[in-house]
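Pasting coords_15.csv here (CSV, C-alpha atoms):
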```
chain,number,residue,atom,x,y,z
A,1238,MET,CA,69.1,65.8,163.9
A,1239,GLN,CA,71.8,67.4,166.0
A,1240,ILE,CA,71.5,70.9,167.3
A,1241,ILE,CA,74.5,73.0,168.3
A,1242,ARG,CA,73.7,76.3,170.0
A,1243,LEU,CA,76.0,79.3,170.2
A,1244,SER,CA,75.7,81.9,172.9
A,1245,LEU,CA,77.2,85.1,171.5
A,1246,GLU,CA,77.4,88.7,172.4
A,1247,SER,CA,75.5,89.6,169.2
A,1248,GLY,CA,72.8,87.1,169.9
A,1249,PRO,CA,72.1,83.4,169.7
A,1250,CYS,CA,72.8,81.2,166.7
A,1251,GLU,CA,71.5,77.7,166.2
A,1252,ILE,CA,73.2,75.1,163.9
A,1253,GLN,CA,71.1,72.2,162.8
A,1254,VAL,CA,72.8,69.1,161.3
A,1255,GLY,CA,70.8,66.2,159.8
A,1256,ARG,CA,69.0,64.8,156.8
A,1257,ASN,CA,65.9,66.3,155.2
A,1258,ILE,CA,65.8,69.3,157.5
A,1259,LEU,CA,64.9,71.6,154.6
A,1260,SER,CA,61.5,70.0,154.0
A,1261,ARG,CA,60.7,69.2,157.6
A,1262,ARG,CA,61.9,72.1,159.8
A,1263,ALA,CA,62.9,75.0,157.6
A,1264,GLY,CA,59.7,76.8,158.4
A,1265,ALA,CA,60.1,76.6,162.2
A,1266,PRO,CA,59.9,80.1,163.6
A,1267,LEU,CA,62.9,82.2,164.5
A,1268,ALA,CA,63.0,83.9,167.9
A,1269,LYS,CA,62.0,87.5,168.0
A,1270,ASN,CA,60.3,87.4,164.6
A,1271,ARG,CA,56.7,88.4,164.3
A,1272,ASP,CA,54.1,86.2,162.5
A,1273,GLN,CA,53.8,86.5,158.8
A,1274,VAL,CA,57.4,87.7,158.4
A,1275,LYS,CA,58.7,88.3,154.9
A,1276,ALA,CA,61.4,85.9,153.7
A,1277,PHE,CA,63.7,86.7,150.8
A,1278,ILE,CA,65.4,83.6,149.4
A,1279,PHE,CA,68.6,84.1,147.3
A,1280,VAL,CA,69.3,80.7,145.7
A,1281,ASP,CA,71.9,79.4,143.4
A,1282,ARG,CA,70.0,79.3,140.1
A,1283,ARG,CA,71.2,75.7,139.6
A,1284,LEU,CA,69.2,74.8,142.8
A,1285,VAL,CA,65.9,76.4,142.0
A,1286,ALA,CA,64.1,73.2,142.8
A,1287,LEU,CA,65.5,73.3,146.4
A,1288,GLY,CA,64.5,77.0,146.5
A,1289,ARG,CA,60.9,76.0,145.8
A,1290,GLN,CA,61.1,73.3,148.5
A,1291,LEU,CA,62.4,75.9,151.0
A,1292,SER,CA,59.7,78.3,149.9
A,1293,GLY,CA,57.0,75.7,150.4
A,1294,ALA,CA,58.3,74.8,153.9
A,1295,LEU,CA,58.3,78.5,154.8
A,1296,CYS,CA,54.7,79.0,153.6
A,1297,LYS,CA,53.6,76.1,155.8
A,1298,GLY,CA,55.3,77.8,158.7
A,1299,GLY,CA,53.4,81.1,158.2
A,1300,TRP,CA,56.1,83.0,156.3
A,1301,ILE,CA,55.7,85.1,153.2
A,1302,PRO,CA,58.6,84.0,150.9
A,1303,GLN,CA,60.0,85.5,147.7
A,1304,MET,CA,62.7,83.7,145.7
A,1305,PHE,CA,65.6,85.2,143.7
A,1306,PRO,CA,67.7,82.8,141.6
A,1307,ILE,CA,71.2,84.2,141.2
A,1308,THR,CA,74.5,83.0,139.6
A,1309,ALA,CA,76.8,81.7,142.3
A,1310,GLY,CA,80.6,81.4,142.4
A,1311,GLU,CA,83.5,83.6,143.3
A,1312,PRO,CA,82.5,86.3,140.7
A,1313,LEU,CA,79.4,86.9,142.8
A,1314,LYS,CA,81.7,88.3,145.5
A,1315,GLU,CA,82.3,91.5,143.6
A,1316,MET,CA,80.6,94.7,144.8
A,1317,LYS,CA,79.3,95.4,141.3
A,1318,ARG,CA,77.4,92.1,141.4
A,1319,LEU,CA,75.7,92.9,144.7
A,1320,LEU,CA,74.2,96.3,143.9
A,1321,PRO,CA,71.3,94.8,141.8
A,1322,LEU,CA,70.5,92.4,144.7
A,1323,TYR,CA,70.2,95.3,147.1
A,1324,GLY,CA,67.9,96.8,144.5
A,1325,SER,CA,65.7,93.6,144.4
A,1326,LEU,CA,65.3,93.8,148.2
A,1327,LEU,CA,64.3,97.5,148.1
A,1328,SER,CA,61.9,97.1,145.2
A,1329,LYS,CA,60.1,94.1,146.9
A,1330,GLY,CA,59.7,95.9,150.2
A,1331,ALA,CA,62.2,94.2,152.4
A,1332,ASP,CA,62.4,95.9,155.8
A,1333,ARG,CA,64.2,95.6,159.1
A,1334,GLU,CA,61.9,92.8,160.2
A,1335,SER,CA,62.5,90.7,157.0
A,1336,VAL,CA,64.7,87.6,157.0
A,1337,ILE,CA,67.1,86.8,154.2
A,1338,PHE,CA,67.9,83.2,153.3
A,1339,ALA,CA,71.1,82.1,151.5
A,1340,LEU,CA,70.7,78.8,149.7
A,1341,GLY,CA,73.9,77.7,148.0
A,1342,GLY,CA,77.6,77.2,148.5
A,1343,GLY,CA,80.2,79.1,150.4
A,1344,SER,CA,80.6,82.0,148.0
A,1345,LEU,CA,76.8,82.6,147.9
A,1346,GLY,CA,76.7,82.5,151.7
A,1347,ASP,CA,79.6,85.0,152.0
A,1348,ALA,CA,77.9,87.4,149.6
A,1349,ILE,CA,74.4,87.2,150.8
A,1350,GLY,CA,75.5,87.3,154.4
A,1351,PHE,CA,77.3,90.5,153.5
A,1352,ILE,CA,74.1,91.9,152.0
A,1353,ALA,CA,72.2,90.9,155.2
A,1354,GLY,CA,74.8,92.6,157.4
A,1355,THR,CA,74.7,95.9,155.4
A,1356,TYR,CA,71.1,96.2,154.1
A,1357,MET,CA,69.4,98.8,156.3
A,1358,ARG,CA,72.4,98.4,158.6
A,1359,GLY,CA,71.6,94.7,159.2
A,1360,VAL,CA,68.7,92.3,159.0
A,1361,SER,CA,68.3,88.7,160.2
A,1362,TRP,CA,69.4,85.9,157.9
A,1363,VAL,CA,69.5,82.2,157.7
A,1364,ASN,CA,72.3,80.3,156.0
A,1365,VAL,CA,71.4,77.0,154.2
A,1366,PRO,CA,74.7,75.7,152.9
A,1367,THR,CA,74.6,73.2,150.1
A,1368,THR,CA,78.3,72.2,149.9
A,1369,LEU,CA,80.3,70.1,152.3
A,1370,LEU,CA,82.9,73.0,152.7
A,1371,ALA,CA,80.2,75.5,153.6
A,1372,GLN,CA,78.5,73.1,156.1
A,1373,VAL,CA,81.7,72.4,158.0
A,1374,ASP,CA,83.2,75.8,157.9
A,1375,SER,CA,82.2,79.0,156.0
A,1376,ALA,CA,78.5,78.9,157.0
A,1377,ILE,CA,79.4,79.0,160.7
A,1378,GLY,CA,80.8,82.0,162.5
A,1379,GLY,CA,79.3,85.1,161.0
A,1380,LYS,CA,82.2,86.2,158.8
A,1381,THR,CA,80.7,87.7,155.6
A,1382,ALA,CA,82.9,89.2,152.9
A,1383,VAL,CA,83.5,90.1,149.3
A,1384,ASN,CA,86.7,90.1,147.3
A,1385,HIS,CA,88.9,92.9,146.1
A,1386,SER,CA,91.4,92.7,143.2
A,1387,MET,CA,94.2,92.9,145.8
A,1388,GLY,CA,93.0,89.9,147.8
A,1389,LYS,CA,90.2,87.5,148.9
A,1390,ASN,CA,87.6,88.5,151.6
A,1391,LEU,CA,89.2,91.9,152.3
A,1392,ILE,CA,85.9,93.7,152.5
A,1393,GLY,CA,83.4,92.4,155.0
A,1394,VAL,CA,81.4,92.5,158.2
A,1395,PHE,CA,80.7,90.2,161.1
A,1396,HIS,CA,77.0,89.3,160.9
A,1397,GLN,CA,75.9,86.1,162.6
A,1398,PRO,CA,73.1,84.1,161.0
A,1399,ALA,CA,70.2,83.3,163.3
A,1400,ARG,CA,70.2,79.8,162.1
A,1401,VAL,CA,72.4,77.5,160.0
A,1402,ILE,CA,70.7,74.5,158.4
A,1403,CYS,CA,73.2,71.8,157.5
A,1404,ASP,CA,71.0,69.4,155.6
A,1405,THR,CA,73.2,66.5,154.6
A,1406,SER,CA,70.7,65.2,152.0
A,1407,LEU,CA,71.6,68.3,149.9
A,1408,LEU,CA,75.2,67.1,149.4
A,1409,LYS,CA,74.4,64.0,147.2
A,1410,SER,CA,74.9,65.9,143.9
A,1411,LEU,CA,78.3,67.3,144.8
A,1412,SER,CA,81.2,66.6,142.4
A,1413,ILE,CA,84.2,64.7,143.8
A,1414,ARG,CA,86.2,68.0,143.7
A,1415,ASP,CA,83.6,69.7,145.9
A,1416,ARG,CA,83.6,66.8,148.3
A,1417,ILE,CA,87.4,67.0,148.5
A,1418,SER,CA,87.2,70.7,149.1
A,1419,GLY,CA,85.0,70.1,152.1
A,1420,LEU,CA,87.3,67.3,153.3
A,1421,GLY,CA,90.2,69.8,153.3
A,1422,GLU,CA,88.5,72.0,155.8
A,1423,MET,CA,87.6,69.0,157.9
A,1424,MET,CA,91.3,68.0,158.0
A,1425,LYS,CA,92.1,71.6,159.1
A,1426,TYR,CA,89.9,71.2,162.2
A,1427,ALA,CA,91.4,67.9,163.0
A,1428,LEU,CA,95.0,69.1,162.6
A,1429,ILE,CA,94.6,72.3,164.7
A,1430,LEU,CA,92.1,71.2,167.4
A,1431,ASP,CA,91.5,67.5,167.8
A,1432,ARG,CA,94.0,64.6,167.4
A,1433,LYS,CA,91.3,62.0,168.0
A,1434,PHE,CA,89.3,63.5,165.2
A,1435,PHE,CA,92.3,63.3,162.9
A,1436,ASP,CA,92.6,59.6,163.8
A,1437,MET,CA,88.9,59.2,162.8
A,1438,LEU,CA,89.4,61.1,159.5
A,1439,GLN,CA,92.5,59.0,158.7
A,1440,ARG,CA,90.3,56.0,159.0
A,1441,ASP,CA,87.1,57.2,157.4
A,1442,TRP,CA,88.0,59.9,154.9
A,1443,ARG,CA,87.2,57.7,151.9
A,1444,ARG,CA,83.7,57.0,153.4
A,1445,ILE,CA,83.1,60.7,153.8
A,1446,LEU,CA,84.1,61.3,150.2
A,1447,ALA,CA,81.5,58.7,149.3
A,1448,LEU,CA,79.0,60.6,151.5
A,1449,GLU,CA,78.2,57.6,153.6
A,1450,ALA,CA,75.5,58.9,155.9
A,1451,GLY,CA,76.9,57.9,159.3
A,1452,PRO,CA,80.5,59.1,159.2
A,1453,THR,CA,79.6,62.1,157.1
A,1454,GLU,CA,76.9,63.5,159.4
A,1455,LYS,CA,79.1,62.7,162.4
A,1456,ALA,CA,82.1,64.6,160.9
A,1457,ILE,CA,80.0,67.6,159.9
A,1458,ALA,CA,78.5,67.9,163.4
A,1459,HIS,CA,81.9,67.5,165.0
A,1460,CYS,CA,83.4,70.3,162.8
A,1461,ALA,CA,80.4,72.5,163.5
A,1462,ALA,CA,80.8,72.0,167.3
A,1463,LEU,CA,84.5,72.6,167.2
A,1464,LYS,CA,84.1,75.9,165.2
A,1465,ALA,CA,81.2,76.9,167.5
A,1466,ARG,CA,83.3,76.7,170.6
A,1467,VAL,CA,86.1,78.7,168.9
A,1468,VAL,CA,83.6,81.4,167.7
A,1469,GLU,CA,82.1,81.7,171.2
A,1470,LYS,CA,85.6,82.5,172.6
A,1471,ASP,CA,86.4,85.0,169.9
A,1472,GLU,CA,83.4,86.1,167.9
A,1473,ARG,CA,85.0,89.1,166.2
A,1474,ASP,CA,88.4,87.5,165.7
A,1475,VAL,CA,90.3,89.8,168.1
A,1476,ALA,CA,91.2,87.6,171.1
A,1477,GLY,CA,93.4,85.2,169.1
A,1478,ALA,CA,91.4,82.0,169.5
A,1479,ARG,CA,89.8,82.3,166.1
A,1480,GLU,CA,93.2,82.9,164.5
A,1481,ASP,CA,93.9,79.2,164.6
A,1482,LEU,CA,91.3,78.7,161.9
A,1483,ASN,CA,93.7,80.4,159.5
A,1484,PHE,CA,95.9,77.3,159.4
A,1485,GLY,CA,96.7,76.6,155.8
A,1486,HIS,CA,94.9,79.7,154.6
A,1487,THR,CA,97.7,82.3,154.3
A,1488,VAL,CA,99.3,80.3,151.5
A,1489,GLY,CA,95.9,78.8,150.3
A,1490,HIS,CA,94.5,82.3,149.7
A,1491,ALA,CA,97.7,83.3,147.9
A,1492,LEU,CA,97.4,80.3,145.6
A,1493,GLU,CA,93.8,81.2,144.8
A,1494,LYS,CA,94.7,84.7,143.9
A,1495,VAL,CA,97.8,83.8,141.8
A,1496,ALA,CA,95.9,80.9,140.0
A,1497,GLY,CA,92.9,83.1,139.4
A,1498,TYR,CA,89.8,82.9,141.7
A,1499,GLY,CA,87.7,79.8,140.8
A,1500,LYS,CA,90.6,77.8,139.2
A,1501,LEU,CA,91.1,76.0,142.5
A,1502,ARG,CA,88.3,75.1,144.9
A,1503,HIS,CA,88.9,76.8,148.3
A,1504,GLY,CA,89.4,73.6,150.1
A,1505,GLU,CA,91.8,72.3,147.4
A,1506,ALA,CA,93.9,75.5,147.9
A,1507,VAL,CA,93.8,75.0,151.7
A,1508,LEU,CA,95.0,71.4,151.3
A,1509,TRP,CA,98.0,72.7,149.4
A,1510,GLY,CA,98.3,75.5,152.0
A,1511,MET,CA,98.3,73.1,154.9
A,1512,ARG,CA,101.1,71.1,153.4
A,1513,ALA,CA,103.1,74.3,153.0
A,1514,ALA,CA,102.3,75.1,156.6
A,1515,LEU,CA,103.5,71.7,157.8
A,1516,ALA,CA,106.8,72.2,155.9
A,1517,LEU,CA,107.1,75.7,157.4
A,1518,SER,CA,106.3,74.3,160.9
A,1519,THR,CA,109.2,71.9,160.6
A,1520,ILE,CA,111.6,74.6,159.1
A,1521,ARG,CA,110.8,76.9,162.0
A,1522,GLY,CA,111.4,74.1,164.6
A,1523,HIS,CA,107.9,73.8,165.9
A,1524,LEU,CA,106.9,70.4,164.5
A,1525,SER,CA,108.9,67.2,164.5
A,1526,ASP,CA,109.6,65.4,161.3
A,1527,ALA,CA,107.6,62.4,162.5
A,1528,GLU,CA,104.5,64.5,163.2
A,1529,ARG,CA,104.8,66.2,159.9
A,1530,GLU,CA,105.1,62.9,158.1
A,1531,ARG,CA,102.1,61.5,159.8
A,1532,ALA,CA,100.0,64.5,158.8
A,1533,GLU,CA,101.5,64.6,155.3
A,1534,SER,CA,100.9,60.9,154.7
A,1535,VAL,CA,97.1,61.5,154.9
A,1536,LEU,CA,97.0,64.9,153.1
A,1537,ARG,CA,99.0,63.7,150.1
A,1538,LEU,CA,96.5,60.8,149.6
A,1539,ILE,CA,93.7,63.2,148.9
A,1540,ARG,CA,93.8,64.0,145.2
A,1541,VAL,CA,93.8,67.7,144.4
A,1542,PRO,CA,94.6,69.3,141.0
A,1543,SER,CA,98.3,69.7,140.3
A,1544,LEU,CA,99.6,73.2,140.4
A,1545,PRO,CA,101.0,74.7,137.2
A,1546,ARG,CA,104.5,73.6,136.4
A,1547,ARG,CA,105.4,77.3,136.0
A,1548,LEU,CA,103.7,78.4,139.2
A,1549,ASP,CA,105.2,81.8,140.0
A,1550,LEU,CA,106.5,81.3,143.6
A,1551,GLU,CA,107.4,84.9,143.8
A,1552,ALA,CA,103.8,85.9,143.1
A,1553,VAL,CA,102.6,83.5,145.7
A,1554,LEU,CA,105.1,85.0,148.2
A,1555,ALA,CA,103.9,88.5,147.4
A,1556,ALA,CA,100.3,87.5,147.7
A,1557,THR,CA,100.8,86.2,151.3
A,1558,HIS,CA,101.5,89.8,152.4
A,1559,PHE,CA,97.9,90.7,151.9
A,1560,ASP,CA,96.9,88.3,154.6
A,1561,LYS,CA,94.5,89.8,157.1
A,1562,LYS,CA,96.4,88.4,160.1
A,1563,LYS,CA,99.4,90.8,159.6
A,1564,GLN,CA,100.7,92.5,162.7
A,1565,ALA,CA,103.2,95.4,162.7
A,1566,GLY,CA,103.6,94.8,158.9
A,1567,ARG,CA,104.6,91.1,159.4
A,1568,VAL,CA,102.5,88.1,158.3
A,1569,ARG,CA,101.5,86.0,161.4
A,1570,PHE,CA,101.5,82.4,160.4
A,1571,VAL,CA,99.4,79.7,162.2
A,1572,LEU,CA,101.7,76.6,162.4
A,1573,LEU,CA,101.6,73.3,164.2
A,1574,LYS,CA,103.5,72.2,167.3
A,1575,LYS,CA,101.9,68.8,167.1
A,1576,ILE,CA,98.7,67.4,165.6
A,1577,GLY,CA,95.9,69.1,167.6
A,1578,GLN,CA,98.0,72.0,168.8
A,1579,THR,CA,98.9,75.2,167.0
A,1580,VAL,CA,101.5,78.0,167.4
A,1581,ALA,CA,101.4,81.5,166.1
A,1582,ASP,CA,104.6,82.7,164.4
A,1583,SER,CA,105.3,86.2,163.3
A,1584,GLY,CA,109.0,85.6,162.7
A,1585,VAL,CA,108.9,83.7,159.4
A,1586,SER,CA,111.5,85.1,157.0
A,1587,VAL,CA,111.0,85.3,153.2
A,1588,PRO,CA,113.8,82.7,152.6
A,1589,GLU,CA,112.1,80.3,155.1
A,1590,LEU,CA,108.7,80.7,153.4
A,1591,ARG,CA,110.3,80.3,149.9
A,1592,ARG,CA,111.9,77.1,151.1
A,1593,ALA,CA,108.6,75.8,152.4
A,1594,LEU,CA,106.9,76.6,149.1
A,1595,GLU,CA,109.6,75.0,147.1
A,1596,ASP,CA,109.5,71.9,149.3
A,1597,THR,CA,105.8,71.6,148.9
A,1598,PHE,CA,105.2,72.6,145.3
A,1599,ARG,CA,108.3,71.4,143.4
```
Could you write out this structure as structure tokens?
Amino acid sequence: MQIIRLSLESGPCEIQVGRNILSRRAGAPLAKNRDQVKAFIFVDRRLVALGRQLSGALCKGGWIPQMFPITAGEPLKEMKRLLPLYGSLLSKGADRESVIFALGGGSLGDAIGFIAGTYMRGVSWVNVPTTLLAQVDSAIGGKTAVNHSMGKNLIGVFHQPARVICDTSLLKSLSIRDRISGLGEMMKYALILDRKFFDMLQRDWRRILALEAGPTEKAIAHCAALKARVVEKDERDVAGAREDLNFGHTVGHALEKVAGYGKLRHGEAVLWGMRAALALSTIRGHLSDAERERAESVLRLIRVPSLPRRLDLEAVLAATHFDKKKQAGRVRFVLLKKIGQTVADSGVSVPELRRALEDTFR
């Protein structure tokens, strides 16, 4: 098992990466928590067996667990879906010393992390991501959020988990689309931060999709370490370092909105968004044609659902304006100068963005 520790202004966070952690170490005590602490486990109702496994491990560690199976997915990230969950915590006596566990994919982690950050003005929580995408990205960094009809993740708080448990043995039942979704976020980290990691993914991405233990665990741990270092520099996304993680997401989030949340996996939309960002990087003169082709040659091999033939590009264009990285009314795009190095660009015109979308989607 590999352990990555974050030292943050809000407190420490520990990321564990390895196999069978859930059954062996999930009950290990968390710093600053008294004995016999109450644990409230919100679990994807399709993963109740894993919830029982976690509950058993916590019992052995001296915890008092209660489990709440819930329906996961993007619809969970609506305020109206969360109110009954707050009610469950209140009725079962959850207090400021309790610890909330989120056991499921990225949408469940986003929603339950938001609950943990707002229940009684914030209680400790542990994220146990069960998808590849969540293990490499969304479970790390403390961003919790719910959606609004006008955009994705527009209502949220920063609330760091005390621990993130990335148990790679939980990934074996993932569909190929969910594996591809996680691979998309892995590619993002390689393209923006680490050229050597991109070389490794170019060589081993098929083995990761097959969930071969060695390359998969190595890639997850590397992504977790890369994100941890970024978050340490910019925990609350104000200094600019964390902005790089938005590569491919401005267009990706717009695609998710226009297609309808849930139609595209998040990582699938990001793969399309990164290809649009590569096109835009070249149009804006930041990225050479050769570098773009090298990155594109790998991304286009990864099979994602085709976009609708009648995709409304104007709707996608309009949706990009709800991006959270806007400054002075202009969308700030994260683009590439070369593989492993980004550039922020607030000067993208509507015609340039339209050209990039047409180049990518048509």
Task: Best match for closeness to A:Val1373 among A:Trp1509, A:Phe1351, A:Tyr1426, A:Phe1434, counting only C-alpha atoms - done: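 For A:Val1373, the nearest of the given residues is A:Tyr1426.
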Open item on the list: Set the distance at 10 Å and use only C-alpha atoms: which residues neighbour A:Arg1333 once local chain neighbours fewer than 4 positions away are removed? I'd like the list as number ranges by chain.
Closed with: A: 1356-1361
Open item on the list: Quick check, in Å to one decimal: how far apart do atom CA of A:His1486 and atom CA of A:Leu1572 lie?
Closed with: 10.8 Å
Excluding A:Ala1581 and any residue of its chain fewer than 6 positions from it, enumerate the residues within 7 Å of it, using only C-alpha atoms, and give them as a compact mmCIF listing (two decimals) with C-alpha atoms, in the frame of the given file.
```txt
# COMPACT_ATOMS: atom_id res chain seq x y z
CA ARG A 1569 101.50 86.00 161.40
CA PHE A 1570 101.50 82.40 160.40
CA VAL A 1571 99.40 79.70 162.20
CA LEU A 1572 101.70 76.60 162.40
```
Open item on the list: Show me, as an NGL selection string, the residues that have an atom within 8 Å of stretch 1548-1555 of chain A when counting only C-alpha atoms, minus same-chain residues fewer than 3 positions from it.
Closed with: :A and (1488 or 1491-1492 or 1495 or 1544-1545 or 1558-1559 or 1587 or 1590-1591 or 1594-1595)
Open item on the list: Using all atoms listed in the file, which protein or nucleic acid residues come within 9 Å of A:Ser1418? Drop anything in the same chain fewer than 2 positions from it, and give the result as a list of chain:residue names.
Closed with: A:Leu1369, A:Leu1370, A:Ile1413, A:Arg1414, A:Asp1415, A:Arg1416, A:Leu1420, A:Gly1421, A:Glu1422, A:Met1423, A:Arg1502, A:His1503, A:Gly1504, A:Glu1505, A:Ala1506, A:Val1507, A:Leu1508, A:Val1541
Open item on the list: Between atom CA of A:Ile1402 and atom CA of A:Glu1246, what distance in Å does the model show, to one decimal?
Closed with: 21.0 Å
Task: 9 Å contact set for stretch 1376-1389 of chain A, all atoms listed in the file, chain neighbours under 5 positions out, as JSON, numbers by chain - done: {"A": [1252, 1311, 1312, 1313, 1314, 1315, 1316, 1342, 1343, 1344, 1346, 1347, 1348, 1349, 1350, 1351, 1352, 1354, 1364, 1365, 1366, 1370, 1371, 1394, 1395, 1396, 1397, 1398, 1401, 1403, 1461, 1464, 1465, 1467, 1468, 1469, 1472, 1473, 1490, 1491, 1493, 1494, 1498, 1556, 1559, 1560]}
Could you write out the selected residues, including C-alpha atoms, as a CSV table (one decimal), in the frame of the given file?
```csv
chain,number,residue,atom,x,y,z
A,1252,ILE,CA,73.2,75.1,163.9
A,1311,GLU,CA,83.5,83.6,143.3
A,1312,PRO,CA,82.5,86.3,140.7
A,1313,LEU,CA,79.4,86.9,142.8
A,1314,LYS,CA,81.7,88.3,145.5
A,1315,GLU,CA,82.3,91.5,143.6
A,1316,MET,CA,80.6,94.7,144.8
A,1342,GLY,CA,77.6,77.2,148.5
A,1343,GLY,CA,80.2,79.1,150.4
A,1344,SER,CA,80.6,82.0,148.0
A,1346,GLY,CA,76.7,82.5,151.7
A,1347,ASP,CA,79.6,85.0,152.0
A,1348,ALA,CA,77.9,87.4,149.6
A,1349,ILE,CA,74.4,87.2,150.8
A,1350,GLY,CA,75.5,87.3,154.4
A,1351,PHE,CA,77.3,90.5,153.5
A,1352,ILE,CA,74.1,91.9,152.0
A,1354,GLY,CA,74.8,92.6,157.4
A,1364,ASN,CA,72.3,80.3,156.0
A,1365,VAL,CA,71.4,77.0,154.2
A,1366,PRO,CA,74.7,75.7,152.9
A,1370,LEU,CA,82.9,73.0,152.7
A,1371,ALA,CA,80.2,75.5,153.6
A,1394,VAL,CA,81.4,92.5,158.2
A,1395,PHE,CA,80.7,90.2,161.1
A,1396,HIS,CA,77.0,89.3,160.9
A,1397,GLN,CA,75.9,86.1,162.6
A,1398,PRO,CA,73.1,84.1,161.0
A,1401,VAL,CA,72.4,77.5,160.0
A,1403,CYS,CA,73.2,71.8,157.5
A,1461,ALA,CA,80.4,72.5,163.5
A,1464,LYS,CA,84.1,75.9,165.2
A,1465,ALA,CA,81.2,76.9,167.5
A,1467,VAL,CA,86.1,78.7,168.9
A,1468,VAL,CA,83.6,81.4,167.7
A,1469,GLU,CA,82.1,81.7,171.2
A,1472,GLU,CA,83.4,86.1,167.9
A,1473,ARG,CA,85.0,89.1,166.2
A,1490,HIS,CA,94.5,82.3,149.7
A,1491,ALA,CA,97.7,83.3,147.9
A,1493,GLU,CA,93.8,81.2,144.8
A,1494,LYS,CA,94.7,84.7,143.9
A,1498,TYR,CA,89.8,82.9,141.7
A,1556,ALA,CA,100.3,87.5,147.7
A,1559,PHE,CA,97.9,90.7,151.9
A,1560,ASP,CA,96.9,88.3,154.6
```
Open item on the list: Please compute the atom CA of A:Glu1528-atom CA of A:Leu1573 distance, one decimal, in Å.
Closed with: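 Separation of atom CA of A:Glu1528 and atom CA of A:Leu1573: 9.3 Å.
Candidate residues A:Thr1355, A:Gln1439, A:Gln1239, A:Ser1292 were compared for distance to A:Lys1455, and the nearest is A:Gln1239, using only C-alpha atoms.
Counting all atoms listed in the file and comparing A:Leu1408, A:Val1585, A:Val1475, A:Val1274, the residue that lies closest to A:Glu1449 is A:Leu1408.
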Open item on the list: Taking all atoms listed in the file into account, name the residue in A:His1459, A:Lys1574, A:Arg1318, A:Arg1521 that is nearest to A:Ser1586.
Closed with: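 Using all atoms listed in the file, the shortest distance to A:Ser1586 belongs to A:Arg1521.
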TODO: Take the point (61.1, 76.6, 158.4) as written in the file and pick out every residue within 12 Å of it, counting all atoms listed in the file; give the list as a ChimeraX atom specification.
DONE: /A:1253,1257-1267,1274,1276,1290-1302,1336,1338,1363,1365,1400-1402
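Closest to A:Ser1335 among A:Gln1303, A:Thr1367, A:Thr1308, A:Thr1579 is A:Gln1303, based on only C-alpha atoms.
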